[in-house]
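Enquirer: For reference, the file coords13.txt (compact mmCIF, C-alpha atoms and all ligand atoms) is included below:
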# COMPACT_ATOMS: atom_id res chain seq x y z
CA MET I 26 -1.62 -16.41 -18.98
CA ASN I 27 -4.10 -16.58 -16.11
CA LEU I 28 -3.96 -16.36 -12.31
CA ARG I 29 -2.74 -19.93 -11.84
CA SER I 30 -0.06 -19.66 -14.48
CA ALA I 31 1.20 -16.31 -13.14
CA VAL I 32 4.59 -17.27 -11.74
CA ASN I 33 5.52 -13.96 -10.13
CA LEU I 34 4.14 -10.56 -9.22
CA HIS I 35 5.25 -9.10 -12.55
CA ASP I 36 2.90 -11.55 -14.26
CA LEU I 37 0.02 -10.31 -12.11
CA ARG I 38 0.88 -6.78 -13.15
CA ALA I 39 0.73 -7.85 -16.81
CA LEU I 40 -2.67 -9.48 -16.23
CA ALA I 41 -3.99 -6.33 -14.55
CA ARG I 42 -2.72 -4.22 -17.38
CA ARG I 43 -4.69 -6.31 -19.82
CA ARG I 44 -7.83 -6.14 -17.70
CA LEU I 45 -7.91 -2.45 -16.81
CA PRO I 46 -8.44 0.64 -18.90
CA ARG I 47 -5.29 2.68 -19.13
CA ILE I 48 -6.56 5.38 -16.76
CA ALA I 49 -7.12 2.81 -13.99
CA PHE I 50 -3.93 0.81 -14.57
CA ASP I 51 -1.79 3.94 -14.58
CA PHE I 52 -3.45 5.14 -11.39
CA ILE I 53 -2.13 2.02 -9.66
CA ASP I 54 1.16 1.70 -11.45
CA GLY I 55 2.37 5.28 -11.65
CA GLY I 56 4.45 7.45 -9.36
CA ALA I 57 5.21 11.14 -8.93
CA ASP I 58 7.15 13.38 -11.33
CA ASP I 59 9.81 11.37 -13.20
CA GLU I 60 9.00 8.19 -11.26
CA ALA I 61 12.62 8.12 -10.09
CA CYS I 62 11.49 7.15 -6.60
CA LEU I 63 9.63 4.12 -7.98
CA GLN I 64 12.89 2.94 -9.51
CA ARG I 65 14.91 3.86 -6.41
CA ASN I 66 12.66 1.67 -4.28
CA ARG I 67 13.58 -1.35 -6.41
CA GLU I 68 17.26 -0.48 -6.75
CA ALA I 69 17.62 -0.32 -2.98
CA PHE I 70 16.91 -4.05 -2.72
CA ALA I 71 19.22 -4.89 -5.60
CA ARG I 72 22.20 -3.48 -3.71
CA TYR I 73 22.09 -6.50 -1.43
CA CYS I 74 22.86 -10.15 -1.95
CA LEU I 75 22.06 -12.85 0.55
CA LEU I 76 25.02 -14.88 1.72
CA PRO I 77 23.84 -18.47 2.15
CA ARG I 78 24.81 -20.82 4.95
CA TYR I 79 24.69 -24.56 4.21
CA LEU I 80 24.64 -27.87 6.07
CA ARG I 81 21.90 -26.70 8.41
CA ASP I 82 18.62 -28.54 8.84
CA VAL I 83 15.98 -26.45 7.08
CA THR I 84 13.34 -29.17 6.73
CA ARG I 85 10.85 -27.17 8.79
CA ARG I 86 10.64 -23.47 8.07
CA ASP I 87 8.74 -20.80 9.92
CA GLN I 88 8.07 -17.38 8.42
CA SER I 89 5.51 -16.30 11.02
CA VAL I 90 6.02 -12.96 12.77
CA MET I 91 4.73 -11.27 15.91
CA LEU I 92 3.21 -7.97 14.98
CA LEU I 93 1.40 -5.59 17.27
CA GLY I 94 0.42 -8.29 19.72
CA ARG I 95 -0.55 -11.06 17.33
CA ARG I 96 1.33 -13.75 15.45
CA PHE I 97 0.74 -13.73 11.67
CA ARG I 98 1.53 -16.59 9.34
CA SER I 99 3.75 -14.52 7.03
CA PRO I 100 5.76 -11.32 7.31
CA ILE I 101 3.98 -9.76 4.31
CA GLY I 102 0.85 -7.59 4.54
CA ILE I 103 -1.36 -5.45 2.32
CA SER I 104 -0.75 -1.67 2.29
CA PRO I 105 -3.70 0.72 2.34
CA THR I 106 -4.93 1.65 -1.12
CA GLY I 107 -7.78 4.08 -1.70
CA LEU I 108 -10.23 3.97 -4.61
CA ALA I 109 -9.66 0.26 -5.16
CA GLY I 110 -13.31 -0.07 -6.20
CA LEU I 111 -12.23 1.33 -9.51
CA PHE I 112 -10.25 -1.85 -10.22
CA HIS I 113 -12.85 -4.31 -8.99
CA PRO I 114 -16.25 -3.48 -7.50
CA ASP I 115 -15.63 -5.58 -4.42
CA ALA I 116 -11.92 -4.86 -4.04
CA ASP I 117 -11.81 -3.92 -0.35
CA ARG I 118 -13.84 -6.91 0.80
CA ALA I 119 -11.75 -9.14 -1.48
CA LEU I 120 -8.51 -7.83 0.03
CA ALA I 121 -9.85 -8.34 3.56
CA ALA I 122 -10.91 -11.89 2.80
CA ALA I 123 -7.60 -12.69 1.08
CA ALA I 124 -5.70 -11.32 4.10
CA ARG I 125 -7.81 -13.43 6.45
CA GLU I 126 -7.18 -16.60 4.42
CA ALA I 127 -3.44 -15.94 4.20
CA ASP I 128 -3.37 -14.82 7.86
CA VAL I 129 -1.66 -11.51 7.18
CA PRO I 130 -2.63 -7.91 7.98
CA PHE I 131 -4.61 -5.73 5.56
CA LEU I 132 -4.57 -1.98 6.12
CA LEU I 133 -7.95 -0.66 5.01
CA SER I 134 -7.64 2.89 3.68
CA SER I 135 -10.08 5.54 4.83
CA ALA I 136 -10.12 6.51 1.13
CA ALA I 137 -11.34 3.02 0.29
CA ASN I 138 -14.67 2.41 -1.36
CA GLY I 139 -15.64 -0.18 1.24
CA ALA I 140 -16.85 1.25 4.56
CA LEU I 141 -14.96 0.52 7.75
CA GLU I 142 -18.15 -0.93 9.21
CA GLU I 143 -18.56 -3.48 6.41
CA VAL I 144 -14.91 -4.46 5.85
CA VAL I 145 -13.53 -4.85 9.39
CA PRO I 146 -16.10 -7.53 10.36
CA ILE I 147 -14.92 -9.67 7.43
CA ALA I 148 -11.57 -10.17 9.20
CA PRO I 149 -11.41 -8.34 12.54
CA GLU I 150 -8.10 -10.03 13.41
CA HIS I 151 -6.51 -8.90 10.17
CA VAL I 152 -7.99 -5.57 9.08
CA TRP I 153 -6.27 -2.49 10.45
CA PHE I 154 -7.71 0.97 9.68
CA GLN I 155 -5.57 3.65 8.02
CA MET I 156 -6.61 7.29 8.16
CA TYR I 157 -5.24 10.67 7.22
CA CYS I 158 -5.87 13.57 9.57
CA THR I 159 -8.32 15.89 7.85
CA SER I 160 -8.78 19.62 8.28
CA ARG I 161 -11.81 18.91 10.53
CA GLU I 162 -11.11 17.88 14.12
CA ASP I 163 -14.67 16.58 14.60
CA ILE I 164 -14.29 14.24 11.62
CA ASN I 165 -10.89 13.01 12.81
CA ALA I 166 -12.39 12.25 16.20
CA ASP I 167 -15.40 10.55 14.63
CA LEU I 168 -13.23 8.30 12.44
CA VAL I 169 -11.35 7.18 15.55
CA GLN I 170 -14.65 6.47 17.35
CA ARG I 171 -15.95 4.49 14.38
CA ALA I 172 -12.79 2.41 14.35
CA LEU I 173 -13.20 1.76 18.08
CA LYS I 174 -16.80 0.67 17.58
CA THR I 175 -15.92 -1.74 14.79
CA GLU I 176 -13.39 -3.51 17.04
CA THR I 177 -10.50 -2.48 14.85
CA ARG I 178 -7.29 -3.63 16.58
CA VAL I 179 -4.79 -1.27 14.97
CA LEU I 180 -5.12 2.31 13.78
CA VAL I 181 -2.59 3.54 11.22
CA VAL I 182 -2.18 7.26 10.65
CA SER I 183 -0.55 8.19 7.33
CA VAL I 184 1.42 11.42 7.53
CA ASP I 185 3.20 11.67 4.18
CA VAL I 186 0.57 13.55 2.14
CA PRO I 187 0.69 17.20 3.24
CA VAL I 188 -0.33 18.22 -0.29
CA ASN I 189 -1.30 16.45 -3.49
CA SER I 190 1.59 15.23 -5.60
CA ASN I 191 2.30 15.56 -9.29
CA ARG I 192 1.42 12.28 -10.98
CA GLU I 193 1.95 12.91 -14.61
CA ARG I 194 0.45 9.68 -15.92
CA ASN I 195 -2.82 10.61 -14.20
CA ARG I 196 -2.71 14.10 -15.62
CA ARG I 197 -2.04 12.86 -19.12
CA ASN I 198 -4.87 10.35 -18.82
CA GLY I 199 -7.30 12.99 -17.53
CA PHE I 200 -7.75 11.24 -14.18
CA SER I 201 -9.98 13.69 -12.40
CA ARG I 202 -11.76 13.93 -9.12
CA PRO I 203 -14.47 12.96 -9.00
CA PHE I 204 -13.48 10.20 -11.42
CA ARG I 205 -15.53 10.83 -14.56
CA MET I 206 -16.27 8.60 -17.50
CA THR I 207 -15.41 11.10 -20.22
CA ALA I 208 -15.81 10.18 -23.88
CA GLY I 209 -12.04 9.63 -24.20
CA VAL I 210 -11.87 7.37 -21.16
CA ALA I 211 -14.94 5.42 -22.31
CA PHE I 212 -13.49 4.92 -25.77
CA GLU I 213 -10.22 3.49 -24.45
CA ALA I 214 -12.11 1.38 -21.88
CA LEU I 215 -13.97 -0.42 -24.69
CA GLY I 216 -10.81 -2.47 -25.16
CA HIS I 217 -11.41 -3.91 -21.65
CA PRO I 218 -15.04 -5.09 -21.87
CA LEU I 219 -15.05 -7.10 -18.64
CA TRP I 220 -14.06 -4.05 -16.67
CA VAL I 221 -16.72 -1.94 -18.43
CA LEU I 222 -19.38 -4.56 -17.68
CA ARG I 223 -18.44 -4.70 -14.00
CA TYR I 224 -18.26 -0.92 -13.80
CA LEU I 225 -21.73 -0.51 -15.25
CA ARG I 226 -23.22 -3.37 -13.21
CA SER I 227 -21.91 -1.93 -9.95
CA GLY I 228 -23.46 1.47 -10.66
CA GLY I 229 -20.55 3.37 -12.17
CA ILE I 230 -18.23 5.58 -10.14
CA PRO I 231 -17.55 3.83 -6.82
CA MET I 232 -18.59 5.67 -3.66
CA MET I 233 -15.98 6.50 -0.99
CA LYS I 234 -18.25 5.06 1.62
CA ASN I 235 -16.28 6.12 4.69
CA TRP I 236 -17.04 9.74 3.87
CA ALA I 237 -20.74 9.44 3.06
CA PRO I 238 -21.77 10.09 6.71
CA TYR I 239 -20.12 13.52 6.52
CA ALA I 240 -21.85 14.56 3.27
CA ASN I 241 -25.40 15.76 2.79
CA ALA I 242 -28.05 13.04 3.05
CA GLY I 243 -28.43 11.25 -0.26
CA ALA I 244 -25.17 12.67 -1.69
CA GLY I 245 -23.90 10.69 -4.68
CA ALA I 246 -20.40 9.35 -5.29
CA ASP I 247 -19.33 12.60 -6.98
CA ALA I 248 -20.45 14.80 -4.11
CA VAL I 249 -18.81 12.54 -1.52
CA ALA I 250 -15.53 12.55 -3.45
CA ASP I 251 -15.76 16.35 -3.66
CA LEU I 252 -16.19 16.55 0.09
CA TYR I 253 -13.21 14.25 0.61
CA GLY I 254 -11.18 16.57 -1.62
CA THR I 255 -11.97 19.55 0.60
CA LEU I 256 -10.89 17.67 3.75
CA THR I 257 -7.65 16.08 2.56
CA PRO I 258 -4.86 16.66 2.10
CA ALA I 259 -4.65 18.87 5.17
CA PRO I 260 -1.35 20.78 5.15
CA MET I 261 -2.01 22.24 8.61
CA VAL I 262 -1.66 18.83 10.29
CA THR I 263 1.11 18.67 12.92
CA TRP I 264 2.34 16.43 15.74
CA GLU I 265 -0.43 17.94 17.86
CA HIS I 266 -3.05 16.22 15.66
CA LEU I 267 -1.24 12.94 16.10
CA ARG I 268 -1.12 13.46 19.86
CA ARG I 269 -4.90 13.98 19.94
CA ILE I 270 -5.41 10.76 18.03
CA ARG I 271 -3.06 8.92 20.39
CA ASP I 272 -5.07 10.27 23.35
CA ALA I 273 -8.36 9.13 21.83
CA TRP I 274 -7.16 5.70 20.67
CA PRO I 275 -6.40 3.21 23.43
CA ARG I 276 -5.33 0.33 21.17
CA LYS I 277 -2.26 -0.19 18.97
CA LEU I 278 -1.20 2.80 16.90
CA ALA I 279 1.11 2.84 13.87
CA VAL I 280 2.36 5.87 11.96
CA LYS I 281 2.89 5.44 8.23
CA GLY I 282 5.18 7.49 6.02
CA LEU I 283 8.02 8.65 8.28
CA LEU I 284 11.55 8.51 6.84
CA HIS I 285 13.64 10.69 9.19
CA ALA I 286 15.14 9.22 12.35
CA ASP I 287 14.19 12.29 14.41
CA ASP I 288 10.56 11.97 13.29
CA ALA I 289 10.68 8.29 14.22
CA ARG I 290 11.92 9.19 17.73
CA GLN I 291 9.22 11.82 18.08
CA ALA I 292 6.46 9.41 17.01
CA VAL I 293 7.65 6.84 19.51
CA ALA I 294 7.88 9.44 22.28
CA LEU I 295 4.29 10.32 21.50
CA GLY I 296 3.21 6.72 21.91
CA ALA I 297 3.35 5.06 18.49
CA ASP I 298 3.64 1.27 18.79
CA ALA I 299 4.89 0.75 15.24
CA LEU I 300 6.11 2.74 12.27
CA VAL I 301 5.47 1.96 8.64
CA VAL I 302 8.68 3.12 6.97
CA SER I 303 7.40 4.22 3.58
CA ASN I 304 7.66 6.76 0.78
CA HIS I 305 4.10 5.99 -0.32
CA GLY I 306 5.37 3.74 -3.07
CA GLY I 307 7.01 6.66 -4.89
CA ARG I 308 3.66 8.38 -5.31
CA GLN I 309 4.34 11.53 -3.30
CA LEU I 310 7.88 13.00 -3.11
CA ASP I 311 9.86 11.79 -6.10
CA ALA I 312 13.11 12.84 -4.41
CA ALA I 313 12.41 10.77 -1.29
CA PRO I 314 14.92 8.09 -0.28
CA ALA I 315 14.04 4.42 -0.53
CA PRO I 316 12.64 3.22 2.80
CA LEU I 317 15.05 0.28 2.74
CA ASP I 318 17.98 2.71 2.73
CA VAL I 319 16.78 4.58 5.83
CA LEU I 320 15.74 1.43 7.68
CA PRO I 321 18.99 0.93 9.67
CA ALA I 322 18.88 4.54 10.87
CA MET I 323 15.20 4.17 11.80
CA ARG I 324 15.97 1.00 13.74
CA ALA I 325 18.83 2.70 15.55
CA ALA I 326 16.52 5.62 16.40
CA VAL I 327 13.65 3.63 17.89
CA GLY I 328 15.48 0.74 19.52
CA GLU I 329 14.50 -2.91 19.49
CA HIS I 330 11.00 -2.93 20.92
CA VAL I 331 9.23 -0.62 18.43
CA GLU I 332 8.02 -2.51 15.39
CA LEU I 333 9.11 -1.34 11.96
CA ILE I 334 7.09 -2.33 8.92
CA LEU I 335 8.81 -1.68 5.62
CA ASP I 336 6.68 -0.47 2.70
CA SER I 337 7.41 0.59 -0.91
CA GLY I 338 8.88 -1.51 -3.68
CA VAL I 339 8.58 -4.99 -2.15
CA ARG I 340 8.15 -7.45 -5.01
CA ARG I 341 10.03 -10.64 -4.08
CA GLY I 342 10.32 -12.94 -1.11
CA SER I 343 14.02 -12.09 -0.98
CA ASP I 344 13.05 -8.41 -0.50
CA LEU I 345 11.35 -9.29 2.78
CA VAL I 346 14.35 -11.31 3.88
CA ILE I 347 16.68 -8.39 3.11
CA ALA I 348 14.36 -5.97 4.91
CA ARG I 349 14.38 -8.18 7.98
CA CYS I 350 18.19 -8.38 7.92
CA LEU I 351 18.25 -4.57 7.91
CA GLY I 352 15.95 -4.25 10.89
CA ALA I 353 12.32 -4.50 9.73
CA ASN I 354 9.87 -6.74 11.59
CA SER I 355 7.78 -7.26 8.47
CA ALA I 356 6.84 -5.58 5.19
CA ILE I 357 3.75 -4.65 3.24
CA PHE I 358 3.03 -3.95 -0.42
CA GLY I 359 0.30 -2.01 -2.17
CA ARG I 360 0.35 -2.46 -5.92
CA PRO I 361 0.85 -6.24 -6.20
CA THR I 362 -2.39 -7.13 -4.42
CA LEU I 363 -4.23 -4.49 -6.46
CA TYR I 364 -2.90 -6.05 -9.66
CA GLY I 365 -4.15 -9.34 -8.30
CA VAL I 366 -7.59 -7.95 -7.42
CA ALA I 367 -7.90 -6.35 -10.86
CA ALA I 368 -6.93 -9.64 -12.49
CA GLY I 369 -9.19 -11.89 -10.43
CA GLY I 370 -10.82 -10.40 -7.31
CA GLN I 371 -10.11 -12.23 -4.04
CA ALA I 372 -8.39 -15.10 -5.86
CA GLY I 373 -6.02 -12.63 -7.50
CA ALA I 374 -5.08 -10.97 -4.20
CA ALA I 375 -4.64 -14.42 -2.68
CA ARG I 376 -2.36 -15.39 -5.56
CA ALA I 377 -0.11 -12.36 -4.93
CA LEU I 378 0.20 -13.29 -1.25
CA GLU I 379 0.78 -16.95 -2.06
CA ILE I 380 3.54 -16.19 -4.57
CA VAL I 381 5.44 -14.11 -2.03
CA ARG I 382 4.88 -16.56 0.82
CA LYS I 383 6.38 -19.37 -1.27
CA GLU I 384 9.31 -17.20 -2.34
CA ILE I 385 10.09 -16.33 1.29
CA ASP I 386 9.93 -20.00 2.24
CA MET I 387 12.29 -20.97 -0.55
CA VAL I 388 14.80 -18.22 0.24
CA LEU I 389 14.85 -19.13 3.94
CA ALA I 390 15.77 -22.70 2.98
CA GLN I 391 18.35 -21.56 0.45
CA ILE I 392 20.22 -19.36 2.90
CA GLY I 393 20.02 -21.83 5.76
CA CYS I 394 17.81 -19.83 8.11
CA ALA I 395 14.76 -21.82 9.15
CA ARG I 396 13.06 -18.98 11.06
CA PHE I 397 12.32 -15.59 9.52
CA GLU I 398 12.65 -13.99 12.93
CA ASP I 399 16.22 -15.34 13.24
CA LEU I 400 17.46 -13.37 10.22
CA ASP I 401 20.15 -10.79 10.88
CA ALA I 402 22.71 -8.65 9.04
CA GLY I 403 25.10 -11.62 8.88
CA TYR I 404 23.13 -12.91 5.88
CA LEU I 405 23.76 -9.74 3.84
CA TRP I 406 26.43 -9.24 1.24
CA PRO I 407 26.86 -6.04 -0.80
CA ALA I 408 26.06 -6.24 -4.50
CA PRO I 409 26.95 -2.87 -6.02
CA GLU I 410 27.17 -4.22 -9.54
CA ARG I 411 23.55 -5.32 -9.44
CA ALA I 412 22.15 -1.90 -8.72
CA ALA I 413 22.21 -0.61 -12.28
CA ALA I 414 20.19 -3.47 -13.71
CA ALA I 415 17.77 -3.54 -10.85
CA ALA I 416 14.70 -1.64 -11.87
CA ARG I 417 11.99 -4.17 -12.45
CA PRO I 418 9.55 -4.46 -14.11
CA PRO I 419 10.74 -2.92 -17.39
CA ALA I 420 9.66 0.68 -17.85
CA ILE I 421 6.31 1.15 -19.53
CA ALA I 422 6.46 2.90 -22.88
CA ARG I 423 5.07 6.40 -22.48
CA ARG I 424 1.94 7.05 -24.40
CA PRO I 425 1.06 10.46 -25.82
CA ALA I 426 -1.09 12.84 -23.78
CA ALA I 427 -4.82 11.96 -23.98
CA ASP I 428 -5.62 15.57 -24.69
CA ALA I 429 -4.07 18.85 -23.73
CA ALA I 430 -7.02 19.87 -21.53
CA ALA I 431 -6.53 16.83 -19.33
CA THR I 432 -3.26 18.18 -18.05
CA THR I 433 -5.08 20.95 -16.21
CA THR I 434 -7.66 18.70 -14.53
CA THR I 435 -7.75 18.50 -10.76
CA THR I 436 -6.29 15.13 -9.85
CA THR I 437 -6.99 12.72 -7.03
CA GLU I 438 -3.55 12.29 -5.58
CA THR I 439 -4.19 11.81 -1.90
CA THR I 440 -4.32 8.03 -2.08
C1 LIG R 1 -3.76 2.90 -5.92
C2 LIG R 1 -3.06 3.24 -4.63
C3 LIG R 1 -3.76 3.88 -3.63
C4 LIG R 1 -3.12 4.20 -2.42
N1 LIG R 1 -3.86 4.78 -1.41
C5 LIG R 1 -3.27 4.99 -0.21
C6 LIG R 1 -4.05 5.45 0.90
O1 LIG R 1 -5.24 5.67 0.79
N2 LIG R 1 -3.40 5.64 2.08
C7 LIG R 1 -2.06 5.40 2.23
O2 LIG R 1 -1.53 5.58 3.33
N3 LIG R 1 -1.31 4.95 1.20
C8 LIG R 1 -1.89 4.73 0.01
N4 LIG R 1 -1.16 4.22 -1.03
C9 LIG R 1 0.26 3.89 -0.80
C10 LIG R 1 0.37 2.46 -0.29
O3 LIG R 1 -0.20 2.33 0.98
C11 LIG R 1 1.80 2.00 -0.19
O4 LIG R 1 2.54 2.93 0.57
C12 LIG R 1 2.48 1.84 -1.56
O5 LIG R 1 1.60 1.25 -2.48
C13 LIG R 1 3.71 0.95 -1.36
O6 LIG R 1 4.41 0.81 -2.53
P1 LIG R 1 4.28 -0.49 -3.48
O7 LIG R 1 3.00 -0.30 -4.22
O8 LIG R 1 5.49 -0.36 -4.29
O9 LIG R 1 4.25 -1.71 -2.62
C14 LIG R 1 -1.76 3.90 -2.24
C15 LIG R 1 -1.06 3.23 -3.26
C16 LIG R 1 -1.70 2.90 -4.44
C17 LIG R 1 -0.93 2.16 -5.49
Please lay out the structure from this file as structure tokens.
Ligand SMILES: Cc1cc2nc3c(=O)[nH]c(=O)nc-3n(C[C@H](O)[C@H](O)[C@H](O)COP(=O)(O)O)c2cc1C
Expert:
Amino acid sequence: MNLRSAVNLHDLRALARRRLPRIAFDFIDGGADDEACLQRNREAFARYCLLPRYLRDVTRRDQSVMLLGRRFRSPIGISPTGLAGLFHPDADRALAAAAREADVPFLLSSAANGALEEVVPIAPEHVWFQMYCTSREDINADLVQRALKTETRVLVVSVDVPVNSNRERNRRNGFSRPFRMTAGVAFEALGHPLWVLRYLRSGGIPMMKNWAPYANAGAGADAVADLYGTLTPAPMVTWEHLRRIRDAWPRKLAVKGLLHADDARQAVALGADALVVSNHGGRQLDAAPAPLDVLPAMRAAVGEHVELILDSGVRRGSDLVIARCLGANSAIFGRPTLYGVAAGGQAGAARALEIVRKEIDMVLAQIGCARFEDLDAGYLWPAPERAAAAARPPAIARRPAADAAATTTTTTETT
């Protein structure tokens, strides 16, 4: 199988799994604790069928959506994913370019390896900047200023990482911060020679470039990652921090990670233009509800004119259609484009977006709704019997712990 013959996002995942050393693949693929939330995110979609309407002219179909003041070609977008340089040396630029070509948004993480100043200019209409509030007010303010200077259109503040989570795959694999090429990791990586070659050619551990300006002059990737680890997560962050960011940022603001209707109301009262309804892809609170399940309550809380972007578990075109019927304006996904990037750089990310775009187009025709923006709850039908068999892709067989010591390593869980 290769990129062209990958027929769905699960195939891209399989390609990435082949390409990446286990420690890197599991960092993308895994979730927190028992990974129940990962499964819940998929099961939420499987509880819905789509009830088709026929004998309607669906020759011309339109899946474009208005989002934060701009029309995009498709309702899908790319979630922010830190440390993507570990999967491909040029991952952040590749994601930006793929988003530009597909005409969809890409949320660049502040924990990315690519710097804001180099990635935004690749696609200023498409790249939004996602940040966490750190423990340092001066750095928060500086990040906002840097985003303003780079002509970033949309700032996204993620709020769902008050502390690091427990990702057991990472712990078993000895995923440490800074990421280190230990003998065990290197040995396993030998089975993925292309990745090793790229890793060595690009200078080893990728630098978190957005943070280099705040480290000592000449600091290496390790030292910059250490600094990042002292600044985030920042458990002292409150609504007051968000208010300061809103005051300093005159353009569109989205808040990512809220799941409670009262929090949604508060964010909107504070001036948020959009909310990304997300549980961080099951990577933080394993007991969190699926964003799809809270979507109707979130819509009811914020009214019609605040945009809701669904995130976590989106894997099929029909998922976007269901999300729209339940009140989302659009949706984004994180892992699928990373699998694509790992499998084939920009072309791989583009393939992930193309697969979903075509699936959306086909579903719109099949249910007799020519415009994505015309979807409503009338197209939904409950499918309780599907829920049990829903979790896709099949669970990955657990491998034994790499070594006992690895389980005590400090882990990079903020991304
Ligand atoms: C490798 C990886 C890194 C991530 N880094 C960040 C990050 O830096 N900021 C953030 O807000 N979310 C981050 N996320 C969460 C994603 O933005 C998104 O919420 C999640 O991937 C959605 O779930 P999905 O992968 O099932 O689509 C990361 C996710 C992954 C897989």
Enquirer: Measuring between only C-alpha atoms and all ligand atoms, which one of I:Pro77, I:Gly359, I:Gly216, I:Gly56 shows the shortest distance to ligand LIG 1 (chain R)?
Expert: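 With only C-alpha atoms and all ligand atoms as the atom set, the closest residue is I:Gly359.
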Enquirer: Which of these, I:Ser183, I:Gln391, I:Ser134, I:Gln170, has the shortest distance to I:Ala121 once you count all atoms listed in the file?
Expert: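 Between I:Ser183, I:Gln391, I:Ser134, I:Gln170, the residue approaching I:Ala121 most closely is I:Ser134.
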Enquirer: Residues within 8 Å of stretch 336-352 of chain I, please, as an MDAnalysis selection string. Count only C-alpha atoms; anything in the same chain fewer than 3 positions from it doesn't count.
Expert: chainID I and resid 34 63 66:67 70 73 75 100:101 104 301:307 315:317 320:321 324 333 355:359 361 381:386 388:389 397:398 400:405
Enquirer: Can I get the selection written as a JSON list (two decimals), in the frame of the given file, with C-alpha atoms?
Expert:
[["chain", "number", "residue", "atom", "x", "y", "z"],
["I", 34, "LEU", "CA", 4.14, -10.56, -9.22],
["I", 63, "LEU", "CA", 9.63, 4.12, -7.98],
["I", 66, "ASN", "CA", 12.66, 1.67, -4.28],
["I", 67, "ARG", "CA", 13.58, -1.35, -6.41],
["I", 70, "PHE", "CA", 16.91, -4.05, -2.72],
["I", 73, "TYR", "CA", 22.09, -6.50, -1.43],
["I", 75, "LEU", "CA", 22.06, -12.85, 0.55],
["I", 100, "PRO", "CA", 5.76, -11.32, 7.31],
["I", 101, "ILE", "CA", 3.98, -9.76, 4.31],
["I", 104, "SER", "CA", -0.75, -1.67, 2.29],
["I", 301, "VAL", "CA", 5.47, 1.96, 8.64],
["I", 302, "VAL", "CA", 8.68, 3.12, 6.97],
["I", 303, "SER", "CA", 7.40, 4.22, 3.58],
["I", 304, "ASN", "CA", 7.66, 6.76, 0.78],
["I", 305, "HIS", "CA", 4.10, 5.99, -0.32],
["I", 306, "GLY", "CA", 5.37, 3.74, -3.07],
["I", 307, "GLY", "CA", 7.01, 6.66, -4.89],
["I", 315, "ALA", "CA", 14.04, 4.42, -0.53],
["I", 316, "PRO", "CA", 12.64, 3.22, 2.80],
["I", 317, "LEU", "CA", 15.05, 0.28, 2.74],
["I", 320, "LEU", "CA", 15.74, 1.43, 7.68],
["I", 321, "PRO", "CA", 18.99, 0.93, 9.67],
["I", 324, "ARG", "CA", 15.97, 1.00, 13.74],
["I", 333, "LEU", "CA", 9.11, -1.34, 11.96],
["I", 355, "SER", "CA", 7.78, -7.26, 8.47],
["I", 356, "ALA", "CA", 6.84, -5.58, 5.19],
["I", 357, "ILE", "CA", 3.75, -4.65, 3.24],
["I", 358, "PHE", "CA", 3.03, -3.95, -0.42],
["I", 359, "GLY", "CA", 0.30, -2.01, -2.17],
["I", 361, "PRO", "CA", 0.85, -6.24, -6.20],
["I", 381, "VAL", "CA", 5.44, -14.11, -2.03],
["I", 382, "ARG", "CA", 4.88, -16.56, 0.82],
["I", 383, "LYS", "CA", 6.38, -19.37, -1.27],
["I", 384, "GLU", "CA", 9.31, -17.20, -2.34],
["I", 385, "ILE", "CA", 10.09, -16.33, 1.29],
["I", 386, "ASP", "CA", 9.93, -20.00, 2.24],
["I", 388, "VAL", "CA", 14.80, -18.22, 0.24],
["I", 389, "LEU", "CA", 14.85, -19.13, 3.94],
["I", 397, "PHE", "CA", 12.32, -15.59, 9.52],
["I", 398, "GLU", "CA", 12.65, -13.99, 12.93],
["I", 400, "LEU", "CA", 17.46, -13.37, 10.22],
["I", 401, "ASP", "CA", 20.15, -10.79, 10.88],
["I", 402, "ALA", "CA", 22.71, -8.65, 9.04],
["I", 403, "GLY", "CA", 25.10, -11.62, 8.88],
["I", 404, "TYR", "CA", 23.13, -12.91, 5.88],
["I", 405, "LEU", "CA", 23.76, -9.74, 3.84]]
Enquirer: For ligand LIG 1 (chain R), which of I:Arg38, I:Arg376, I:Arg223, I:Lys174 is the closest residue, counting all atoms listed in the file?
Expert: I:Arg38
Enquirer: Under the rule that only C-alpha atoms and all ligand atoms are counted, which of I:Tyr79, I:Trp153, I:Tyr239, I:Phe97 is the nearest residue to ligand LIG 1 (chain R)?
Expert: I:Trp153
Enquirer: Work out how far atom CA of I:Glu60 is from atom CA of I:Arg47, in Å to one decimal.
Expert: 17.2 Å
Enquirer: Which polymer residues have any atom within 9 Å of an atom of I:Arg42, counting all atoms listed in the file, with same-chain residues fewer than 5 positions away left out, as a list in words?
Expert: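 So the residues in contact are Leu37, Arg47, Ala49, Phe50, Asp51, Tyr364, Ala367 and Ala368 of chain I.
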Enquirer: Rounded to one decimal in Å, what is the spacing between atom CA of I:Ala140 and atom CA of I:Lys234?
Expert: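 About the pair atom CA of I:Ala140 and atom CA of I:Lys234: they are 5.0 Å apart.
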